[in-house]
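Shown next: data28.cif, given as mmCIF, C-alpha atoms.
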```
data_entry
loop_
_atom_site.label_atom_id
_atom_site.label_comp_id
_atom_site.auth_asym_id
_atom_site.auth_seq_id
_atom_site.Cartn_x
_atom_site.Cartn_y
_atom_site.Cartn_z
CA MET A 17 -60.51 49.75 33.91
CA LYS A 18 -57.30 50.18 35.89
CA LYS A 19 -55.32 48.13 38.42
CA LEU A 20 -52.50 49.98 40.10
CA TYR A 21 -49.94 48.75 42.64
CA THR A 22 -47.56 51.40 43.88
CA ASP A 23 -45.74 52.31 47.10
CA LEU A 24 -45.04 48.63 47.76
CA ASN A 25 -41.62 47.50 48.95
CA ILE A 26 -41.11 44.90 46.21
CA ARG A 27 -37.49 43.96 45.79
CA PHE A 28 -35.89 41.03 44.00
CA THR A 29 -32.30 40.18 43.16
CA ILE A 30 -30.58 39.04 39.99
CA GLU A 31 -26.81 38.43 39.93
CA GLN A 32 -26.13 40.32 43.17
CA THR A 33 -28.16 43.28 41.90
CA ASP A 34 -31.32 44.56 43.56
CA PHE A 35 -34.34 45.44 41.44
CA TYR A 36 -37.16 47.57 42.86
CA ALA A 37 -40.64 47.33 41.34
CA LEU A 38 -41.98 50.80 42.11
CA ASN A 39 -45.10 50.81 39.96
CA LEU A 40 -47.19 48.04 38.40
CA VAL A 41 -50.26 48.99 36.41
CA PHE A 42 -52.79 47.41 34.07
CA GLU A 43 -54.95 49.90 32.18
CA ARG A 44 -57.10 50.38 29.11
CA PHE A 45 -55.98 53.63 27.56
CA LEU A 46 -58.61 56.18 26.64
CA ARG A 47 -56.12 59.04 26.88
CA THR A 48 -52.84 60.01 25.31
CA ILE A 49 -49.65 59.70 27.34
CA PRO A 50 -47.46 62.73 26.55
CA SER A 51 -43.79 62.34 25.71
CA HIS A 52 -41.65 61.70 28.78
CA SER A 53 -38.53 59.84 29.90
CA HIS A 54 -37.18 58.30 33.07
CA GLY A 55 -33.96 58.81 34.95
CA SER A 56 -30.83 56.76 35.34
CA SER A 57 -31.24 53.04 36.17
CA SER A 58 -34.99 53.21 35.46
CA TYR A 59 -36.76 50.84 33.05
CA GLU A 60 -40.37 50.35 31.98
CA ILE A 61 -41.61 47.07 30.54
CA HIS A 62 -44.74 47.64 28.43
CA TYR A 63 -46.87 44.74 27.23
CA ILE A 64 -50.04 45.21 25.15
CA PRO A 65 -52.33 42.13 25.21
CA SER A 66 -55.12 43.72 23.14
CA GLY A 67 -56.11 46.85 21.28
CA TYR A 68 -54.24 49.22 19.00
CA GLY A 69 -52.46 52.54 18.97
CA HIS A 70 -49.03 53.90 18.32
CA ALA A 71 -45.98 55.00 20.28
CA ARG A 72 -43.51 57.72 19.46
CA ILE A 73 -40.13 56.69 20.83
CA ASN A 74 -37.07 58.89 20.36
CA GLN A 75 -38.98 60.68 17.58
CA VAL A 76 -39.75 57.45 15.68
CA LEU A 77 -43.37 56.29 15.26
CA TYR A 78 -44.22 52.63 16.03
CA ASP A 79 -47.54 50.88 15.48
CA ILE A 80 -48.89 49.09 18.55
CA VAL A 81 -50.87 45.89 17.96
CA PRO A 82 -51.84 42.98 20.25
CA ASN A 83 -48.82 41.13 21.73
CA THR A 84 -46.52 44.13 21.40
CA LEU A 85 -43.72 44.27 23.94
CA TYR A 86 -41.48 47.27 24.32
CA ILE A 87 -38.94 48.44 26.84
CA THR A 88 -37.98 52.03 27.59
CA GLY A 89 -34.85 52.49 29.66
CA PRO A 90 -33.07 55.57 31.05
CA HIS A 91 -33.62 58.84 29.16
CA VAL A 92 -35.61 57.19 26.33
CA GLU A 93 -38.31 59.65 25.22
CA HIS A 94 -41.65 57.95 24.64
CA ALA A 95 -45.31 58.90 24.14
CA GLN A 96 -48.36 56.71 23.59
CA VAL A 97 -51.59 57.35 21.66
CA PRO A 98 -54.45 54.82 21.74
CA SER A 99 -56.68 54.00 18.77
CA ARG A 100 -60.12 55.58 19.03
CA GLU A 101 -61.85 52.53 17.56
CA ASP A 102 -60.06 49.87 19.64
CA PRO A 103 -57.96 51.42 22.43
CA MET A 104 -55.02 49.39 23.69
CA CYS A 105 -54.83 47.65 27.05
CA GLU A 106 -51.40 47.69 28.64
CA TYR A 107 -49.45 46.09 31.45
CA CYS A 108 -46.62 48.32 32.58
CA VAL A 109 -43.94 47.51 35.18
CA TYR A 110 -41.64 50.32 36.29
CA LEU A 111 -38.31 49.13 37.70
CA LYS A 112 -35.35 50.79 39.36
CA VAL A 113 -32.06 48.89 39.18
CA GLY A 114 -29.56 49.14 42.03
CA LYS A 115 -25.79 48.78 41.91
CA GLN A 116 -24.28 45.35 41.49
CA ARG A 117 -22.62 43.98 44.61
CA LYS A 118 -19.48 41.94 44.08
CA LYS A 119 -18.87 38.88 46.18
CA LYS A 120 -15.79 39.00 48.38
CA GLY A 121 -12.78 37.74 46.49
CA GLU A 122 -14.60 37.88 43.16
CA VAL A 123 -12.42 38.86 40.20
CA SER A 124 -13.95 40.42 37.10
CA THR A 125 -13.10 38.63 33.85
CA PRO A 126 -14.29 39.28 30.29
CA GLN A 127 -17.16 36.95 29.40
CA ALA A 128 -20.42 36.72 27.48
CA PRO A 129 -23.23 39.07 28.58
CA SER A 130 -25.38 37.80 31.43
CA ILE A 131 -29.14 38.28 31.75
CA LEU A 132 -28.47 41.33 33.92
CA GLU A 133 -26.11 42.87 31.38
CA LEU A 134 -28.37 42.05 28.46
CA PHE A 135 -31.32 43.75 30.18
CA THR A 136 -29.55 46.83 31.54
CA ASN A 137 -27.53 47.39 28.35
CA THR A 138 -30.67 47.45 26.19
CA PRO A 139 -32.32 50.81 26.93
CA PHE A 140 -34.86 50.36 24.14
CA TRP A 141 -36.46 47.38 22.38
CA PHE A 142 -39.72 47.10 20.44
CA GLY A 143 -41.29 44.02 18.90
CA GLN A 144 -43.65 41.07 19.18
CA ASP A 145 -43.31 38.99 22.35
CA THR A 146 -42.20 35.38 21.84
CA GLN A 147 -41.89 34.37 25.52
CA ASP A 148 -45.51 34.37 26.85
CA VAL A 149 -45.11 37.59 28.78
CA HIS A 150 -48.91 37.85 28.75
CA GLY A 151 -49.38 34.72 30.87
CA LEU A 152 -46.70 35.90 33.26
CA MET A 153 -48.28 39.35 33.63
CA LYS A 154 -51.70 37.85 34.33
CA GLN A 155 -50.25 35.65 37.06
CA LEU A 156 -48.33 38.58 38.55
CA PHE A 157 -51.42 40.76 38.85
CA TYR A 158 -53.47 37.80 40.13
CA GLU A 159 -50.97 37.35 42.97
CA LEU A 160 -51.00 41.04 43.83
CA GLU A 161 -54.79 41.20 43.81
CA ASN A 162 -55.53 38.10 45.90
CA ARG A 163 -52.55 38.00 48.29
CA TYR A 164 -52.85 34.30 49.05
CA THR A 165 -50.28 32.59 51.26
CA GLY A 166 -46.81 32.96 49.78
CA TYR A 167 -47.80 35.65 47.30
CA MET A 168 -44.75 37.81 48.10
CA ALA A 169 -42.37 35.01 47.11
CA GLN A 170 -44.47 34.41 43.99
CA VAL A 171 -44.34 38.09 43.00
CA GLU A 172 -40.57 38.23 43.42
CA ALA A 173 -40.13 35.03 41.39
CA LEU A 174 -42.47 36.26 38.63
CA LEU A 175 -40.65 39.58 38.36
CA THR A 176 -37.33 37.76 38.08
CA LEU A 177 -38.83 35.61 35.33
CA LEU A 178 -40.14 38.76 33.63
CA ILE A 179 -36.58 40.08 33.33
CA VAL A 180 -35.40 36.75 31.90
CA ARG A 181 -38.23 36.55 29.37
CA THR A 182 -37.80 40.18 28.37
CA ALA A 183 -34.09 39.64 27.74
CA ARG A 184 -34.82 36.46 25.79
CA ASN A 185 -36.93 38.51 23.41
CA TYR A 186 -33.80 40.46 22.50
CA GLU A 187 -32.16 37.31 21.17
CA ILE A 188 -33.57 34.53 18.97
CA LYS A 189 -33.02 31.26 20.83
CA GLN A 190 -29.43 32.03 21.72
CA LYS A 191 -27.70 29.39 23.80
CA ALA A 192 -26.53 30.58 27.21
CA LYS A 193 -22.81 31.24 27.53
CA ARG A 194 -22.86 30.59 31.27
CA HIS A 195 -23.80 27.27 32.81
CA PHE A 196 -24.08 25.55 36.15
CA GLY A 197 -20.68 24.36 37.27
CA PRO A 198 -20.12 20.80 38.48
CA SER A 199 -21.16 20.23 42.08
CA ASN A 200 -18.47 19.59 44.62
CA LEU A 201 -18.45 16.66 47.03
CA GLY A 202 -19.65 18.85 49.87
CA ASP A 203 -22.82 19.65 47.95
CA SER A 204 -23.40 16.23 46.43
CA LYS A 205 -22.62 13.87 49.30
CA PHE A 206 -26.22 13.90 50.54
CA ILE A 207 -27.51 12.87 47.11
CA ILE A 208 -24.94 10.07 47.09
CA LEU A 209 -26.30 8.90 50.45
CA GLU A 210 -29.95 9.09 49.39
CA GLU A 211 -29.46 7.24 46.11
CA TYR A 212 -27.18 4.61 47.63
CA PHE A 213 -29.74 3.44 50.16
CA LEU A 214 -32.66 3.84 47.75
CA TYR A 215 -31.33 1.97 44.73
CA GLU A 216 -28.52 -0.29 45.91
CA TYR A 217 -30.22 -2.16 48.72
CA GLN A 218 -28.96 -5.52 47.37
CA ASN A 219 -25.28 -4.95 48.11
CA LEU A 220 -24.93 -2.26 50.77
CA SER A 221 -21.43 -1.95 52.18
CA LEU A 222 -19.97 0.67 54.51
CA GLU A 223 -16.62 0.38 52.76
CA ASP A 224 -18.19 0.91 49.34
CA LEU A 225 -20.22 3.91 50.54
CA SER A 226 -17.13 5.45 52.15
CA ARG A 227 -15.23 5.07 48.89
CA ARG A 228 -17.98 6.81 46.92
CA LEU A 229 -18.08 9.66 49.40
CA GLY A 230 -14.31 9.95 49.49
CA LEU A 231 -14.38 9.63 53.28
CA GLY A 232 -12.96 7.29 55.86
CA ILE A 233 -15.12 4.68 57.61
CA ARG A 234 -15.41 6.72 60.81
CA GLN A 235 -16.17 9.92 58.88
CA THR A 236 -18.93 8.13 56.97
CA GLU A 237 -20.45 6.77 60.19
CA ARG A 238 -20.38 10.29 61.65
CA LEU A 239 -22.02 11.73 58.54
CA LEU A 240 -24.82 9.12 58.69
CA LYS A 241 -25.42 9.88 62.36
CA GLU A 242 -25.56 13.64 61.70
CA TYR A 243 -27.78 13.36 58.60
CA TYR A 244 -30.12 10.47 59.48
CA GLY A 245 -29.59 10.06 63.21
CA LYS A 246 -28.87 6.39 62.46
CA THR A 247 -25.92 4.05 62.08
CA PHE A 248 -24.96 2.40 58.80
CA LEU A 249 -26.36 -0.91 60.02
CA GLN A 250 -29.70 0.71 60.89
CA LYS A 251 -29.91 2.41 57.47
CA LYS A 252 -28.91 -0.82 55.73
CA THR A 253 -31.67 -2.77 57.49
CA GLU A 254 -34.20 -0.01 56.85
CA SER A 255 -33.33 0.06 53.14
CA LYS A 256 -33.58 -3.73 52.74
CA MET A 257 -36.87 -3.93 54.63
CA ALA A 258 -38.42 -1.13 52.56
CA ALA A 259 -37.46 -3.05 49.42
CA ALA A 260 -38.75 -6.30 50.93
CA ALA A 261 -42.19 -4.79 51.54
CA ILE A 262 -42.45 -3.85 47.85
CA LEU A 263 -41.15 -7.21 46.60
CA LEU A 264 -43.54 -9.16 48.83
CA SER A 265 -46.52 -7.42 47.24
CA ASP A 266 -45.72 -9.35 44.05
CA GLY A 267 -47.43 -12.69 44.67
CA LYS A 268 -45.45 -14.37 41.88
CA ARG A 269 -42.16 -13.94 43.74
CA SER A 270 -41.19 -16.64 46.25
CA ILE A 271 -40.02 -15.56 49.68
CA SER A 272 -36.86 -17.58 49.09
CA SER A 273 -36.01 -15.61 45.93
CA ILE A 274 -36.68 -12.30 47.69
CA ALA A 275 -34.39 -13.31 50.56
CA GLY A 276 -31.65 -14.13 48.05
CA GLU A 277 -32.09 -10.85 46.15
CA LEU A 278 -31.74 -8.90 49.38
CA GLY A 279 -28.56 -10.72 50.33
CA TYR A 280 -29.84 -12.90 53.18
CA SER A 281 -28.20 -16.30 53.61
CA SER A 282 -31.54 -18.07 54.08
CA PRO A 283 -35.30 -17.42 54.01
CA GLU A 284 -35.32 -17.93 57.79
CA HIS A 285 -32.80 -15.14 58.38
CA PHE A 286 -34.79 -12.87 56.09
CA SER A 287 -38.11 -13.69 57.81
CA ALA A 288 -36.59 -13.06 61.25
CA ALA A 289 -35.28 -9.66 60.14
CA PHE A 290 -38.61 -8.82 58.52
CA LYS A 291 -40.54 -9.71 61.69
CA ARG A 292 -38.27 -7.52 63.85
CA CYS A 293 -39.04 -4.59 61.54
CA TYR A 294 -42.77 -5.08 60.83
CA GLN A 295 -43.90 -7.19 63.82
CA MET A 296 -45.22 -9.88 61.48
CA THR A 297 -43.70 -12.57 59.29
CA ALA A 298 -43.11 -12.13 55.60
CA ARG A 299 -45.92 -14.61 54.85
CA GLU A 300 -48.35 -12.73 57.09
CA TYR A 301 -47.41 -9.46 55.41
CA ARG A 302 -47.96 -10.99 51.97
CA LYS A 303 -51.42 -12.29 52.98
CA GLN A 304 -52.31 -8.87 54.30
CA CYS A 305 -51.27 -7.28 51.00
CA GLN A 306 -53.44 -9.75 49.06
CA SER A 307 -56.54 -9.34 51.23
CA PRO A 308 -59.62 -7.67 49.69
CA THR A 309 -59.36 -4.80 52.20
CA ALA A 310 -55.75 -4.09 51.23
CA LYS A 311 -56.64 -4.18 47.51
CA ALA A 312 -59.49 -1.72 48.09
CA LEU A 313 -57.10 0.66 49.81
#
```

File written out as structure tokens:
Amino acid sequence: MKKLYTDLNIRFTIEQTDFYALNLVFERFLRTIPSHSHGSSSYEIHYIPSGYGHARINQVLYDIVPNTLYITGPHVEHAQVPSREDPMCEYCVYLKVGKQRKKKGEVSTPQAPSILELFTNTPFWFGQDTQDVHGLMKQLFYELENRYTGYMAQVEALLTLLIVRTARNYEIKQKAKRHFGPSNLGDSKFIILEEYFLYEYQNLSLEDLSRRLGLGIRQTERLLKEYYGKTFLQKKTESKMAAAAILLSDGKRSISSIAGELGYSSPEHFSAAFKRCYQMTAREYRKQCQSPTAKAL
């Protein structure tokens, strides 16, 4: 029983560093693997889901049992001998790590080890997996075997996650020392727009929106036109009418109270605006919502 994926151009990136997955294999061992080591920047991730055996790593003997995870990095001598009674099954991923690329203008500063540093600076680790590497390996080989739509993206994502979970095994629930920084206005302005029209339909104001965005009135109008292809007034009406359709489905609410909640000066003004949007009056819409056909849908 052996599944082997080699000579595939599988590359993924962590922290501006390229990883190359040169060999991925799942095998039940009925033979001994003689002592060997790999060259610079090369790492093997070994996971044993079942079976028994032992490994000799840098002249030290380790017992292999189900759920064993071990990593052999550059120049680490290792050999593997399966049990005769219950030979081990093993997933093995062979990786080559490229050089880290620095972003332009980036300045190196002393800081806590990153996932990349934690992985590459640990040439050898042996222990019981605590991060469900088994489930990840099964999904990885499933993707490679079936090649369904999007499998390449899935494989790259799973291999990235494999590095993270492997590194997490080295530490016991250590809190990360690096975190997402606060978003800047350029990144968050679209969320401000979306949430403003979605949740604040009662009191929509171009001046208020401009203040939240930190933009002038004309800049805000331009942004709305670029993002939605609509003016503020069009978005305001659209937002109020979307809310009105939901509120009208509640038969206990009067049309007058809905008009007031949405900021219309009278039920007549509200009904006129509603009809322009939905080509029917608010009362007609409510009857349609309460019809047996509508309820069935």

Could you jot down the atom CA of A:Gln155 to atom CA of A:Ser57 separation for me, Å, one decimal place?
->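 Computing the Euclidean distance for atom CA of A:Gln155 and atom CA of A:Ser57 yields 25.8 Å.
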
Residues of stretch 20-117 of chain A at most 8 Å from stretch 166-179 of chain A: nearest atom pair and distance in Å, all atoms listed in the file, as a tab-separated table:
```
residue	atom	partner	partner_atom	distance
A:Ile26	CA	A:Glu172	CA	7.3
A:Arg27	CA	A:Glu172	CA	6.9
A:Phe28	CA	A:Glu172	CA	5.5
A:Thr29	CA	A:Thr176	CA	7.5
A:Ile30	CA	A:Thr176	CA	7.1
```

Selection result for the PyMOL selection byres ((chain A and resi 136) around 9) on this file, as a ChimeraX atom specification | /A:57,59,89,113,131-135,137-139

Kindly export the residues of the current selection with C-alpha atoms, as a short mmCIF file (atom, residue, chain, number, x, y, z; two decimals), in the coordinates of the input.
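That gives us part.cif:
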```
data_model
loop_
_atom_site.label_atom_id
_atom_site.label_comp_id
_atom_site.auth_asym_id
_atom_site.auth_seq_id
_atom_site.Cartn_x
_atom_site.Cartn_y
_atom_site.Cartn_z
CA SER A 57 -31.24 53.04 36.17
CA TYR A 59 -36.76 50.84 33.05
CA GLY A 89 -34.85 52.49 29.66
CA VAL A 113 -32.06 48.89 39.18
CA ILE A 131 -29.14 38.28 31.75
CA LEU A 132 -28.47 41.33 33.92
CA GLU A 133 -26.11 42.87 31.38
CA LEU A 134 -28.37 42.05 28.46
CA PHE A 135 -31.32 43.75 30.18
CA ASN A 137 -27.53 47.39 28.35
CA THR A 138 -30.67 47.45 26.19
CA PRO A 139 -32.32 50.81 26.93
#
```

Name every residue that the PyMOL selection byres ((chain A and resi 142) around 8) selects in this structure, writing the answer as a list of chain:residue names with chains first and numbers rising.
-> A:Thr84, A:Leu85, A:Tyr86, A:Ile87, A:Phe140, A:Trp141, A:Gly143, A:Gln144

Find the distance between atom CA of A:Phe42 and atom CA of A:His94 and write it in Å to one decimal.
-> 18.0 Å

Could you write out as an NGL selection string the residues that the PyMOL selection byres ((chain A and resi 153) around 12) matches in the shown file?
-> :A and (40-42 or 61-65 or 85 or 106-109 or 147-152 or 154-160 or 171 or 174-179 or 181-182)

Minimum-distance residue to A:Lys18, chosen among A:Arg44, A:Ile262, A:Asp224, A:Gln32 (using only C-alpha atoms) =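 The closest residue to A:Lys18 is A:Arg44.
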
Taking only C-alpha atoms into account, which of A:Ile49, A:Ala260, A:Val92, A:Leu38 comes nearest A:Lys112?
-> A:Leu38

Contact residues around A:Leu77 with all atoms listed in the file at 12 Å, ignoring same-chain residues under 4 positions, as a PyMOL selection string | chain A and resi 69-73+93-97+142

The selected residues should be written to file as a PDB file, in the frame of the given file (atoms: C-alpha atoms).
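As written to disk, out_20.pdb reads:
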```
ATOM      1  CA  GLY A  69     -52.460  52.540  18.970  1.00  0.00           C
ATOM      2  CA  HIS A  70     -49.030  53.900  18.320  1.00  0.00           C
ATOM      3  CA  ALA A  71     -45.980  55.000  20.280  1.00  0.00           C
ATOM      4  CA  ARG A  72     -43.510  57.720  19.460  1.00  0.00           C
ATOM      5  CA  ILE A  73     -40.130  56.690  20.830  1.00  0.00           C
ATOM      6  CA  GLU A  93     -38.310  59.650  25.220  1.00  0.00           C
ATOM      7  CA  HIS A  94     -41.650  57.950  24.640  1.00  0.00           C
ATOM      8  CA  ALA A  95     -45.310  58.900  24.140  1.00  0.00           C
ATOM      9  CA  GLN A  96     -48.360  56.710  23.590  1.00  0.00           C
ATOM     10  CA  VAL A  97     -51.590  57.350  21.660  1.00  0.00           C
ATOM     11  CA  PHE A 142     -39.720  47.100  20.440  1.00  0.00           C
TER      12      PHE A 142
END
```

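Taking atom CA of A:Leu240 as the reference point, atom CA of A:Ser226 is found at 10.7 Å.
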
Would you mind telling me which residue in A:Ser204, A:Thr297, A:Ser265, A:Gln75 lies nearest to A:Glu284 when using all atoms listed in the file?
->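 Closest to A:Glu284, using all atoms listed in the file: A:Thr297.
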
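Minimum atom-to-atom distances from A:Lys268, A:Tyr294, A:Gly67, A:Glu210 to A:Tyr244 were compared using all atoms listed in the file, and the lowest value belongs to A:Glu210.
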
Option closest in space to A:Thr88, from A:Gln304, A:Ser53, A:Ser270, A:Gln116 [counting all atoms listed in the file] |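 Closest candidate: A:Ser53.
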
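Each of A:Arg100, A:Lys115, A:Arg234, A:Arg163 was compared to A:Tyr36 using all atoms listed in the file, and A:Lys115 turns out to be the nearest.
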
Edge lengths and centre in Å to one decimal, as AutoDock Vina command-line options, of the axis-aligned box that encloses all listed atoms of stretch 271-276 of chain A with 6 Å added on every side?
```
--center_x -35.8 --center_y -14.9 --center_z 48.2 --size_x 20.4 --size_y 17.3 --size_z 16.6
```

Nearby residues (only C-alpha atoms) at most 10 Å from A:Ser221, same-chain spacing under 6 positions excluded, as a VMD selection string | chain A and resid 212 227 248 to 249 252
